[in-house]
Amino acid sequence: MYVAVKGGEKAIENAHKLMGEERRGDPSVPELGVDQILQQMRLAVDRVMCEGALYDPPLAALAIKQAAGDLVEAIFLLRAYRTTLPRLYASRPVDTTTMHVRRRVSATFKDIPGGQLLGPTFDYTHRLLDFSLAAESQSSIAVATESEPEGPMSRVMDLLGDEGLIEIPTPNDQQHVSDITHDPISFPVKRDARLQSLARGDEGFLLALGYSSQRGFGNNHPFAGEIRMGEVAVSIVPDELGFEVEIGDITVSECEMVTSFKGNKEELPRFTSGYGLSFGYNERKVMAMSIVDRSLQARELGEDVSAPCQDEEFVLYHSDNVEAQGFVQHLKLPHYVDFQADLVMLRSMREEIMKQDTHREKSGEEVA
Amino acid sequence: MTYQEDLMPGKSDATDNDAGYNYGYLNEQTKRMIRRAILKAVAIPGYQVPFAGREMPMPYGWGTGGIQLSACLLGPNDVFKVIDQGADDTTNAVSIRKFFARVTGVETTEKTGEATVIQTRHRIPEAPLQEDQIMVYQVPIPEPLRWVEPRESETRKMHALEEYGVMHVQLYEDIARHGRIATNFMYPVKVDGRYIMCPSPIPKFDNPKLDMSPALHLFGAGREKRIYAVPPYTDVKSLDFEDHPFQVESWDACCGLCGARDSYLDEVILNDEGERMFVCSDTDYCSSRRAQGNFGPMAGREDVAELMGESPQTA
């Protein structure tokens with residue numbers, strides 16, 4: 001018998017129980033600990049923190065466990081938790097030149113002050129499955145020895161900026177900074193709100209958009225000026241103290257793309273740039289983000305807005321995967337009232353047309 | 001401090017899962033922000049007020065706009081009803097009702113007449129609404145001009161300049177192509193002679209219920225971050241032409257369970273032979289009619305007992 005799509009509380013409860021069982025898998029296999037996810041699936045944790053827009057590694061790891069490894073679901077869990085948290089302070093701007101750098105690469109210069117530092121990366125691994133990892137435990141892991149650089153490390157962009165080859169925005173503490181979580185986005189969007197949107201935007205979506213611009217849909221010739229990853233200090237200025245206090249270190253990835261130059265006879269030519277920043281180690285994300293950030297500057301730079309990646313309304317309204325996954329998946333909720341409305345009309349339209357056809361056939365016979 | 005305690009500071013008492021959440025889930029600052037948006041919406045009938053919609057613990061598309069409105073409206077003396085497709089027992093309606101029972105402790109009901117706040121998806125109850133009632137609609141796409149113009153920057157201008165000709169062109173194209181207006185739900189209305197408004201995806205059957213309604217109607221679009229309203233006793237006119245007046249759908253059949261001919265009917269396919277029946281989409285309306293002794297032609301059949309709400313839900 002056909003069962004109407006109605007479900008009581010019992011059905012919902014059972015669904016939750018079944019999902020719990022699915023998540024746990026075979027009970028004879030030891031349960032995955034949150035600390036194991038935190039330690040051994042760090043890149044997943046970083047992505048969830050970045051798109052979940054909350055720097056809290058243990059909670060991100062918990063979300064991954066609860067979501068059974070579905071990262072978009074984990075991002076949603078973290079975002080829903082984030083929204084309940086009180087906003088105590090806005091931090092001081094983070095200074096990435098003071099970063100404790102663990103990785104730093106520039107594709108624009110052979111050598112740079114402070115040097116290149118490969119750090120942990122998949123870049124030059126041969127993608128061969130390592131069957132030794134399938135073994136239950138590994139006795140020892142060779143510890144990499146790489147001398148870590150000391151002291152502040154200037155950005156490649158600043159070096160270009162000193163020469164006037166690229167425009168470096170001047171810091172302005174007086175200017176109001178938008179907050180996309182407190183004010184809904186409206187168009188045209190300023191760059192601060194745009195970067196905030198991109199920072200929590202879906203990695204896959206930004207990757208595809210960045211890629212599309214490389215293939216010619218809004219081309220802007222990107223060069224990876226600098227990519228760096230490491231720890232930076234976060235500071236706040238408590239009202240009652242009036243001076244800066246460090247509250248902790250966070251891991252961030254940063255990417256600055258040097259892109260096609262502009263200028264003419266009147267204006268000295270200079271490069272343009274795109275920026276990407278994320279919580280944790282998310283290199284692919286920040287590279288894609290910096291390309292898209294540059295593409296979205298088309299309006300301000302007086303370029304034609306013709307490709308999807310240059311269209312801020314298209315990009316920013318569709319980059320949030322918490323919004324996108326919800327609206328796509330809501331189609332599985334019942335829609336039978338609206339469907340019925342279409343059904344009633346379609347049937348009556350067909351009836352009308354068929355009636356006309358029979359009428360026409362009849363009158364046709366009479367003429368013959 | 002163990003790792004687990006570190007994760008959940010101050011929540012060692014496992015039985016009290018909600019201790020960290022405010023009454024109505026949202027914090028008071030957020031509620032104030034949303035209430036301001038509601039006031040503005042009531043002051044400018046049909047105008048879409050942008051608000052800083054929050055992520056809710058349900059996905060976008062599951063009614064987060066309506067849920068945020070309800071979270072700001074419900075108080076200890078309210079009686080709350082939730083329907084989805086007109087029914088109190090559809091999965092998502094059950095889930096939302098349970099959520100508010102949990103985060104506010106509000107009294108819930110299935111009776112339209114008893115409720116002070118009714119959150120709905122896709123329907124307006126059949127029973128006439130009263131002055132002290134608030135309808136809360138879950139809205140997916142608040143912009144009635146969206147299918148004519150995908151850009152928000154453009155549609156806001158069109159509303160500001162009352163540039164609505166294009167809507168009538170769209171309806172005219174329907175007539176040219178199909179001989180009639182072929183929009184059956186989300187049928188655009190003009191509110192108080194000014195703003196064109198999307199009544200959410202209710203069937204056009206429900207549009208007339210908005211006109212001069214004694215209740216307050218609030219519309220919340222969570223993902224699109226818009227709130228709009230139809231205040232009590234406001235003129236709400238469905239767009240049409242003199243020679244193609246607005247019409248609502250009708251059925252040849254009556255409700256198989258309660259025999260109603262004046263309610264919106266859902267079609268239910270009963271078996272693989274394609275046998276069908278029509279039932280009221282408004283479950284409260286249907287069961288009230290049956291309680292008053294009205295029965296439809298299928299009411300006695302055993303295979304529809306579940307639709308009558310007579311067997312435990314196991315679906």
# chains A, B, ... in the order shown; residues from 1 in each chain; ligands from 1
call {"tool": "closest_atom_pairs", "arguments": {"of": "chain A", "to": "chain B", "cutoff": "8 Å", "atoms": "only C-alpha atoms", "output": "JSON lines"}}
result
{"residue": "A:Met1", "atom": "CA", "partner": "B:Asn271", "partner_atom": "CA", "distance": 5.8}
{"residue": "A:Tyr2", "atom": "CA", "partner": "B:Leu270", "partner_atom": "CA", "distance": 5.7}
{"residue": "A:Val3", "atom": "CA", "partner": "B:Ala315", "partner_atom": "CA", "distance": 6.8}
{"residue": "A:Ala4", "atom": "CA", "partner": "B:Leu307", "partner_atom": "CA", "distance": 7.4}
{"residue": "A:Val5", "atom": "CA", "partner": "B:Thr90", "partner_atom": "CA", "distance": 7.2}
{"residue": "A:Lys6", "atom": "CA", "partner": "B:Thr90", "partner_atom": "CA", "distance": 4.6}
{"residue": "A:Gly7", "atom": "CA", "partner": "B:Thr91", "partner_atom": "CA", "distance": 4.8}
{"residue": "A:Gly8", "atom": "CA", "partner": "B:Gln313", "partner_atom": "CA", "distance": 5.5}
{"residue": "A:Glu9", "atom": "CA", "partner": "B:Val94", "partner_atom": "CA", "distance": 6.5}
{"residue": "A:Lys10", "atom": "CA", "partner": "B:Thr314", "partner_atom": "CA", "distance": 7.0}
{"residue": "A:Ala11", "atom": "CA", "partner": "B:Thr314", "partner_atom": "CA", "distance": 6.2}
{"residue": "A:Ile12", "atom": "CA", "partner": "B:Thr91", "partner_atom": "CA", "distance": 7.3}
{"residue": "A:Pro58", "atom": "CA", "partner": "B:Leu7", "partner_atom": "CA", "distance": 6.7}
{"residue": "A:Leu59", "atom": "CA", "partner": "B:Leu7", "partner_atom": "CA", "distance": 6.8}
{"residue": "A:Phe76", "atom": "CA", "partner": "B:Pro59", "partner_atom": "CA", "distance": 8.0}
{"residue": "A:Leu77", "atom": "CA", "partner": "B:Pro57", "partner_atom": "CA", "distance": 7.4}
{"residue": "A:Arg79", "atom": "CA", "partner": "B:Glu55", "partner_atom": "CA", "distance": 6.6}
{"residue": "A:Ala80", "atom": "CA", "partner": "B:Glu55", "partner_atom": "CA", "distance": 5.2}
{"residue": "A:Tyr81", "atom": "CA", "partner": "B:Pro57", "partner_atom": "CA", "distance": 7.8}
{"residue": "A:Thr83", "atom": "CA", "partner": "B:Glu55", "partner_atom": "CA", "distance": 6.1}
{"residue": "A:Thr84", "atom": "CA", "partner": "B:Leu26", "partner_atom": "CA", "distance": 6.8}
{"residue": "A:Ile180", "atom": "CA", "partner": "B:Ala52", "partner_atom": "CA", "distance": 8.0}
{"residue": "A:Thr181", "atom": "CA", "partner": "B:Ala52", "partner_atom": "CA", "distance": 6.5}
{"residue": "A:His182", "atom": "CA", "partner": "B:Ala52", "partner_atom": "CA", "distance": 5.3}
{"residue": "A:Asp183", "atom": "CA", "partner": "B:Ala52", "partner_atom": "CA", "distance": 5.0}
{"residue": "A:Pro184", "atom": "CA", "partner": "B:Ala52", "partner_atom": "CA", "distance": 4.9}
{"residue": "A:Ser186", "atom": "CA", "partner": "B:Ser153", "partner_atom": "CA", "distance": 7.9}
{"residue": "A:Phe187", "atom": "CA", "partner": "B:Ser153", "partner_atom": "CA", "distance": 6.0}
{"residue": "A:Pro188", "atom": "CA", "partner": "B:Ser153", "partner_atom": "CA", "distance": 7.8}
{"residue": "A:Glu313", "atom": "CA", "partner": "B:Arg151", "partner_atom": "CA", "distance": 7.1}
{"residue": "A:Val322", "atom": "CA", "partner": "B:Tyr60", "partner_atom": "CA", "distance": 7.3}
{"residue": "A:Glu323", "atom": "CA", "partner": "B:Tyr60", "partner_atom": "CA", "distance": 5.7}
{"residue": "A:Ala324", "atom": "CA", "partner": "B:Tyr60", "partner_atom": "CA", "distance": 8.0}
{"residue": "A:Gln325", "atom": "CA", "partner": "B:Tyr60", "partner_atom": "CA", "distance": 7.8}
{"residue": "A:Gly326", "atom": "CA", "partner": "B:Tyr60", "partner_atom": "CA", "distance": 4.4}
{"residue": "A:Phe327", "atom": "CA", "partner": "B:Gly61", "partner_atom": "CA", "distance": 4.7}
{"residue": "A:Val328", "atom": "CA", "partner": "B:Gly61", "partner_atom": "CA", "distance": 7.9}
{"residue": "A:Gln329", "atom": "CA", "partner": "B:Gly61", "partner_atom": "CA", "distance": 7.6}
{"residue": "A:His330", "atom": "CA", "partner": "B:Gly61", "partner_atom": "CA", "distance": 5.0}
{"residue": "A:Leu333", "atom": "CA", "partner": "B:Asn92", "partner_atom": "CA", "distance": 7.7}
{"residue": "A:Pro334", "atom": "CA", "partner": "B:Gln85", "partner_atom": "CA", "distance": 7.2}
{"residue": "A:His335", "atom": "CA", "partner": "B:Gln85", "partner_atom": "CA", "distance": 7.1}
{"residue": "A:Tyr336", "atom": "CA", "partner": "B:Gln85", "partner_atom": "CA", "distance": 7.1}
{"residue": "A:Val337", "atom": "CA", "partner": "B:Gln85", "partner_atom": "CA", "distance": 5.8}
{"residue": "A:Asp338", "atom": "CA", "partner": "B:Pro203", "partner_atom": "CA", "distance": 5.9}
{"residue": "A:Gln340", "atom": "CA", "partner": "B:Asp266", "partner_atom": "CA", "distance": 6.5}
{"residue": "A:Ala341", "atom": "CA", "partner": "B:Asn184", "partner_atom": "CA", "distance": 5.6}
{"residue": "A:Asp342", "atom": "CA", "partner": "B:Asn184", "partner_atom": "CA", "distance": 6.1}
{"residue": "A:Val344", "atom": "CA", "partner": "B:Glu249", "partner_atom": "CA", "distance": 7.3}
{"residue": "A:Met345", "atom": "CA", "partner": "B:Ala182", "partner_atom": "CA", "distance": 7.5}
{"residue": "A:Met349", "atom": "CA", "partner": "B:His178", "partner_atom": "CA", "distance": 7.9}
call {"tool": "residues_around", "arguments": {"residues": "Arg261 in chain B", "least_positions_apart": "4", "cutoff": "12 Å", "atoms": "only C-alpha atoms", "output": "list in words"}}
result
Glu126, Glu249, Ser250, Trp251, Asp252, Ala253, Cys254, Cys255, Gly256, Leu257, Leu265, Phe278, Val279, Cys280, Tyr285, Cys286, Arg289, Asn294, Phe295 and Gly296 of chain B
call {"tool": "select_by_dssp", "arguments": {"residues": "range 125-303 of chain A", "states": "alpha helix (DSSP H)", "output": "ChimeraX atom specification"}}
result
/A:156-162,191-199,203-214,283-295
call {"tool": "residues_around", "arguments": {"residues": "Gly65 in chain B", "least_positions_apart": "4", "cutoff": "6 Å", "atoms": "only C-alpha atoms", "output": "PyMOL selection string"}}
result
chain B and resi 138+220-222
call {"tool": "closest_residue", "arguments": {"among": "A:Asp111, A:Glu283, A:Asp249, A:Asp202", "to": "Ala53 in chain A", "atoms": "only C-alpha atoms"}}
result
A:Asp202
call {"tool": "residues_around", "arguments": {"residues": "Gly225 in chain A", "least_positions_apart": "5", "cutoff": "10 Å", "atoms": "only C-alpha atoms", "output": "list in words"}}
result
Val105, Ser106, Ala107, Thr108, Phe109, Arg155, Val156, Met157, Leu160, Cys255, Glu256, Met257, Val258, Thr259, Ser273 and Gly274 of chain A
call {"tool": "atom_distance", "arguments": {"atom1": "CA of Asp211 in chain B", "atom2": "CA of Lys237 in chain B"}}
result
6.8 Å
call {"tool": "residues_around", "arguments": {"residues": "Val189 in chain A", "least_positions_apart": "2", "cutoff": "10 Å", "atoms": "only C-alpha atoms", "output": "count of residues only"}}
result
13
call {"tool": "closest_residue", "arguments": {"among": "B:Met197, B:Val106, B:Ala229, B:Val49", "to": "Tyr137 in chain B", "atoms": "only C-alpha atoms"}}
result
B:Ala229
call {"tool": "closest_residue", "arguments": {"among": "B:Gln68, B:Ile44, B:Lys111, B:Gln130", "to": "Lys31 in chain B", "atoms": "only C-alpha atoms"}}
result
B:Gln68
call {"tool": "closest_residue", "arguments": {"among": "A:Met153, A:Val232, A:Asp123, A:Leu331", "to": "Gly248 in chain A", "atoms": "only C-alpha atoms"}}
result
A:Val232
call {"tool": "atom_distance", "arguments": {"atom1": "CA of Gly52 in chain A", "atom2": "CA of Arg200 in chain A"}}
result
6.7 Å
call {"tool": "residues_around", "arguments": {"residues": "Gly164 in chain A", "least_positions_apart": "4", "cutoff": "12 Å", "atoms": "only C-alpha atoms", "output": "list in words"}}
result
Met157, Asp158, Leu159, Leu160, Ile168, Pro169, Glu267, Leu268, Pro269, Arg270, Phe271 and Thr272 of chain A
call {"tool": "atom_distance", "arguments": {"atom1": "CA of Gly210 in chain A", "atom2": "CA of Cys309 in chain A"}}
result
7.1 Å
call {"tool": "closest_residue", "arguments": {"among": "B:Asp78, B:Glu107, B:Glu275, B:Asp132", "to": "Pro232 in chain B", "atoms": "only C-alpha atoms"}}
result
B:Asp132
call {"tool": "select_by_dssp", "arguments": {"residues": "range 8-230 of chain A", "states": "strand (DSSP E)", "output": "count of residues only"}}
result
14
call {"tool": "residues_around", "arguments": {"residues": "Thr108 in chain B", "least_positions_apart": "3", "cutoff": "6 Å", "atoms": "only C-alpha atoms", "output": "mmCIF file with N, CA, C and O atoms, in the first residue's frame"}}
result
data_model
loop_
_atom_site.group_PDB
_atom_site.id
_atom_site.type_symbol
_atom_site.label_atom_id
_atom_site.label_comp_id
_atom_site.auth_asym_id
_atom_site.auth_seq_id
_atom_site.Cartn_x
_atom_site.Cartn_y
_atom_site.Cartn_z
ATOM 1 N N VAL B 79 0.126 30.232 21.985
ATOM 2 C CA VAL B 79 -0.207 28.859 21.601
ATOM 3 C C VAL B 79 0.213 28.724 20.141
ATOM 4 O O VAL B 79 -0.178 29.525 19.295
ATOM 5 N N PHE B 80 1.029 27.733 19.872
ATOM 6 C CA PHE B 80 1.742 27.654 18.599
ATOM 7 C C PHE B 80 1.253 26.477 17.769
ATOM 8 O O PHE B 80 1.082 25.370 18.276
ATOM 9 N N LYS B 81 1.018 26.769 16.500
ATOM 10 C CA LYS B 81 0.623 25.703 15.560
ATOM 11 C C LYS B 81 1.575 25.748 14.375
ATOM 12 O O LYS B 81 1.961 26.828 13.922
#
